[in-house]
Amino acid sequence: MSRASALASAAGFAVLAVLVAAGDLTAIDQWAVDHAMPGADFVRKQTVADAVIPLWGVQWHGTLHVISELVTVPASFTPATLLVASACLAVRGRAAIVFATAFAAGNAIEVLVKGTLTRPALYTHGVHLPGFDASYPSGHTIRTVLVATAVASAWPRLELAVAAWAVSSLALIELGGQHVPSDIAGGLLLAGGLLATTWSWSDARSTGRRPSRASRPSSRAR
């Protein structure tokens, strides 16, 4: 992963954040609320307990809603933390540093941005949806990408299963009404940018530690 990829992702994330705050993407997100969230539960706003404890306080209704909640559990904070930690223990070394750093940074940036960025209100049947006021970027999307990458790296035999889960999770995050499209796009850009950045940083440190051939003592000098 190159520094160019990291910079492009970071720039895309920042530009998207500006567009969300300015309301330039509100029409797209409102359309999604109206027409592309058949499994949504707009009754209650997520609490801190909901974010930490999987399925805490979920009000089950409808098949799609149930499937959405269950499939995206590994992308919830606590299960995702355990999965990435396990993957780091399995891969160790440079890859472990990359995954751990990207995961910690991703969650920190998610909290920071959500605490500072507010989008124009979204509605359902004329009722304001406060849960979307500060939902950029999607933490579930960030963790889906990072969990999938870490687990696939640690256990290559699970690559196809992990890829299938990741695609399903990303789709159900929207269909289940957890996040609007701009949130998901922001999560994808942030996760990709963090992986590219941490890998590039790790590569630079690794390269910097290797002595050049010119600096290595020759066999004659030994």
# chains A, B, ... in the order shown; residues from 1 in each chain; ligands from 1
>>> select_by_dssp(residues="stretch 117-168 of chain A", states="helix (DSSP H, G or I)", output="MDAnalysis selection string")
chainID A and resid 130:132 139:154 156:168
>>> closest_atom_pairs(of="stretch 70-145 of chain A", to="stretch 17-20 of chain A", cutoff="8 Å", atoms="only C-alpha atoms", output="Markdown table")
| residue | atom | partner | partner_atom | distance |
| --- | --- | --- | --- | --- |
| A:Leu117 | CA | A:Ala17 | CA | 7.8 |
| A:Arg119 | CA | A:Val20 | CA | 5.9 |
| A:Tyr136 | CA | A:Ala17 | CA | 7.5 |
>>> write_last_selection(atoms="N, CA, C and O atoms", output="mmCIF file, in the first residue's frame")
data_model
loop_
_atom_site.group_PDB
_atom_site.id
_atom_site.type_symbol
_atom_site.label_atom_id
_atom_site.label_comp_id
_atom_site.auth_asym_id
_atom_site.auth_seq_id
_atom_site.Cartn_x
_atom_site.Cartn_y
_atom_site.Cartn_z
ATOM 1 N N LEU A 117 -18.988 16.751 14.108
ATOM 2 C CA LEU A 117 -19.693 16.978 12.837
ATOM 3 C C LEU A 117 -21.179 16.647 12.987
ATOM 4 O O LEU A 117 -21.537 15.559 13.421
ATOM 5 N N ARG A 119 -24.798 16.710 10.711
ATOM 6 C CA ARG A 119 -25.389 16.880 9.382
ATOM 7 C C ARG A 119 -26.779 17.482 9.499
ATOM 8 O O ARG A 119 -27.409 17.440 10.568
ATOM 9 N N TYR A 136 -21.698 10.237 11.091
ATOM 10 C CA TYR A 136 -20.584 10.143 10.138
ATOM 11 C C TYR A 136 -19.267 10.136 10.900
ATOM 12 O O TYR A 136 -19.042 10.996 11.750
#
>>> closest_residue(among="A:Ala104, A:Ala80, A:Met37, A:Leu129", to="A:Thr144", atoms="only C-alpha atoms")
A:Ala80
>>> closest_residue(among="A:Ser86, A:Ser9, A:Thr26, A:Gln59", to="A:Ala121", atoms="only C-alpha atoms")
A:Thr26
>>> residues_around(residues="A:Pro74", least_positions_apart="6", cutoff="10 Å", atoms="only C-alpha atoms", output="NGL selection string")
:A and (54 or 80-83 or 140 or 143-144 or 147-148 or 165-166 or 169)
>>> residues_around(residues="A:Ser168", least_positions_apart="6", cutoff="12 Å", atoms="only C-alpha atoms", output="list in words")
Ile67, Ser68, Glu69, Leu70, Val71, Thr72, Val73, Pro74, Ala75, Thr141, Thr144, Val145, Ala148, Ala161, Val162, Glu174, Leu175 and Gly176 of chain A
>>> write_last_selection(atoms="N, CA and C atoms", output="PDB file, in the first residue's frame")
ATOM      1  N   ILE A  67     -31.795 -10.326  10.729  1.00  0.00           N
ATOM      2  CA  ILE A  67     -30.600 -10.743   9.986  1.00  0.00           C
ATOM      3  C   ILE A  67     -29.535  -9.652  10.039  1.00  0.00           C
ATOM      4  N   SER A  68     -29.957  -8.403   9.854  1.00  0.00           N
ATOM      5  CA  SER A  68     -29.030  -7.274   9.881  1.00  0.00           C
ATOM      6  C   SER A  68     -28.308  -7.177  11.219  1.00  0.00           C
ATOM      7  N   GLU A  69     -29.037  -7.292  12.298  1.00  0.00           N
ATOM      8  CA  GLU A  69     -28.440  -7.184  13.628  1.00  0.00           C
ATOM      9  C   GLU A  69     -27.449  -8.320  13.888  1.00  0.00           C
ATOM     10  N   LEU A  70     -27.810  -9.533  13.488  1.00  0.00           N
ATOM     11  CA  LEU A  70     -26.958 -10.688  13.765  1.00  0.00           C
ATOM     12  C   LEU A  70     -25.697 -10.703  12.898  1.00  0.00           C
ATOM     13  N   VAL A  71     -25.857 -10.407  11.611  1.00  0.00           N
ATOM     14  CA  VAL A  71     -24.716 -10.456  10.695  1.00  0.00           C
ATOM     15  C   VAL A  71     -23.674  -9.392  11.039  1.00  0.00           C
ATOM     16  N   THR A  72     -24.117  -8.247  11.509  1.00  0.00           N
ATOM     17  CA  THR A  72     -23.179  -7.150  11.790  1.00  0.00           C
ATOM     18  C   THR A  72     -22.598  -7.185  13.204  1.00  0.00           C
ATOM     19  N   VAL A  73     -22.943  -8.192  13.990  1.00  0.00           N
ATOM     20  CA  VAL A  73     -22.402  -8.296  15.356  1.00  0.00           C
ATOM     21  C   VAL A  73     -20.870  -8.270  15.389  1.00  0.00           C
ATOM     22  N   PRO A  74     -20.172  -9.018  14.510  1.00  0.00           N
ATOM     23  CA  PRO A  74     -18.704  -8.984  14.561  1.00  0.00           C
ATOM     24  C   PRO A  74     -18.108  -7.602  14.313  1.00  0.00           C
ATOM     25  N   ALA A  75     -18.886  -6.692  13.745  1.00  0.00           N
ATOM     26  CA  ALA A  75     -18.407  -5.333  13.498  1.00  0.00           C
ATOM     27  C   ALA A  75     -18.731  -4.396  14.654  1.00  0.00           C
ATOM     28  N   THR A 141     -18.838   0.153   9.625  1.00  0.00           N
ATOM     29  CA  THR A 141     -18.146  -0.018   8.344  1.00  0.00           C
ATOM     30  C   THR A 141     -16.634  -0.074   8.551  1.00  0.00           C
ATOM     31  N   THR A 144     -15.830  -3.392  10.065  1.00  0.00           N
ATOM     32  CA  THR A 144     -16.034  -4.491   9.118  1.00  0.00           C
ATOM     33  C   THR A 144     -14.793  -4.680   8.253  1.00  0.00           C
ATOM     34  N   VAL A 145     -14.285  -3.576   7.709  1.00  0.00           N
ATOM     35  CA  VAL A 145     -13.101  -3.633   6.845  1.00  0.00           C
ATOM     36  C   VAL A 145     -11.875  -4.110   7.619  1.00  0.00           C
ATOM     37  N   ALA A 148     -12.242  -7.860   8.742  1.00  0.00           N
ATOM     38  CA  ALA A 148     -12.110  -8.753   7.588  1.00  0.00           C
ATOM     39  C   ALA A 148     -10.650  -8.852   7.139  1.00  0.00           C
ATOM     40  N   ALA A 161     -14.892 -16.905   3.148  1.00  0.00           N
ATOM     41  CA  ALA A 161     -15.965 -16.726   4.126  1.00  0.00           C
ATOM     42  C   ALA A 161     -15.950 -15.322   4.703  1.00  0.00           C
ATOM     43  N   VAL A 162     -14.761 -14.822   4.983  1.00  0.00           N
ATOM     44  CA  VAL A 162     -14.624 -13.475   5.533  1.00  0.00           C
ATOM     45  C   VAL A 162     -15.059 -12.430   4.509  1.00  0.00           C
ATOM     46  N   GLU A 174     -26.632  -0.705   5.760  1.00  0.00           N
ATOM     47  CA  GLU A 174     -27.535   0.267   5.129  1.00  0.00           C
ATOM     48  C   GLU A 174     -28.968  -0.236   5.105  1.00  0.00           C
ATOM     49  N   LEU A 175     -29.170  -1.466   4.647  1.00  0.00           N
ATOM     50  CA  LEU A 175     -30.521  -2.007   4.539  1.00  0.00           C
ATOM     51  C   LEU A 175     -31.213  -2.098   5.904  1.00  0.00           C
ATOM     52  N   GLY A 176     -30.423  -2.341   6.938  1.00  0.00           N
ATOM     53  CA  GLY A 176     -30.979  -2.437   8.282  1.00  0.00           C
ATOM     54  C   GLY A 176     -31.187  -1.097   8.948  1.00  0.00           C
TER      55      GLY A 176
END
>>> atom_distance(atom1="atom CA of A:Val52", atom2="atom CA of A:Leu146")
17.4 Å
>>> atom_distance(atom1="atom CA of A:Ala87", atom2="atom CA of A:Ile109")
21.8 Å
>>> residues_around(residues="A:Glu110", least_positions_apart="3", cutoff="7 Å", atoms="only C-alpha atoms", output="list in words")
Gly106, Asn107, Val113, Lys114, Pro137 and Gly139 of chain A
>>> residues_around(residues="A:Ala96", least_positions_apart="5", cutoff="9 Å", atoms="only C-alpha atoms", output="list in words")
Val84, Ala85, Ala87, Cys88, Leu89, Ala90, Val91, Thr101 and Ala150 of chain A
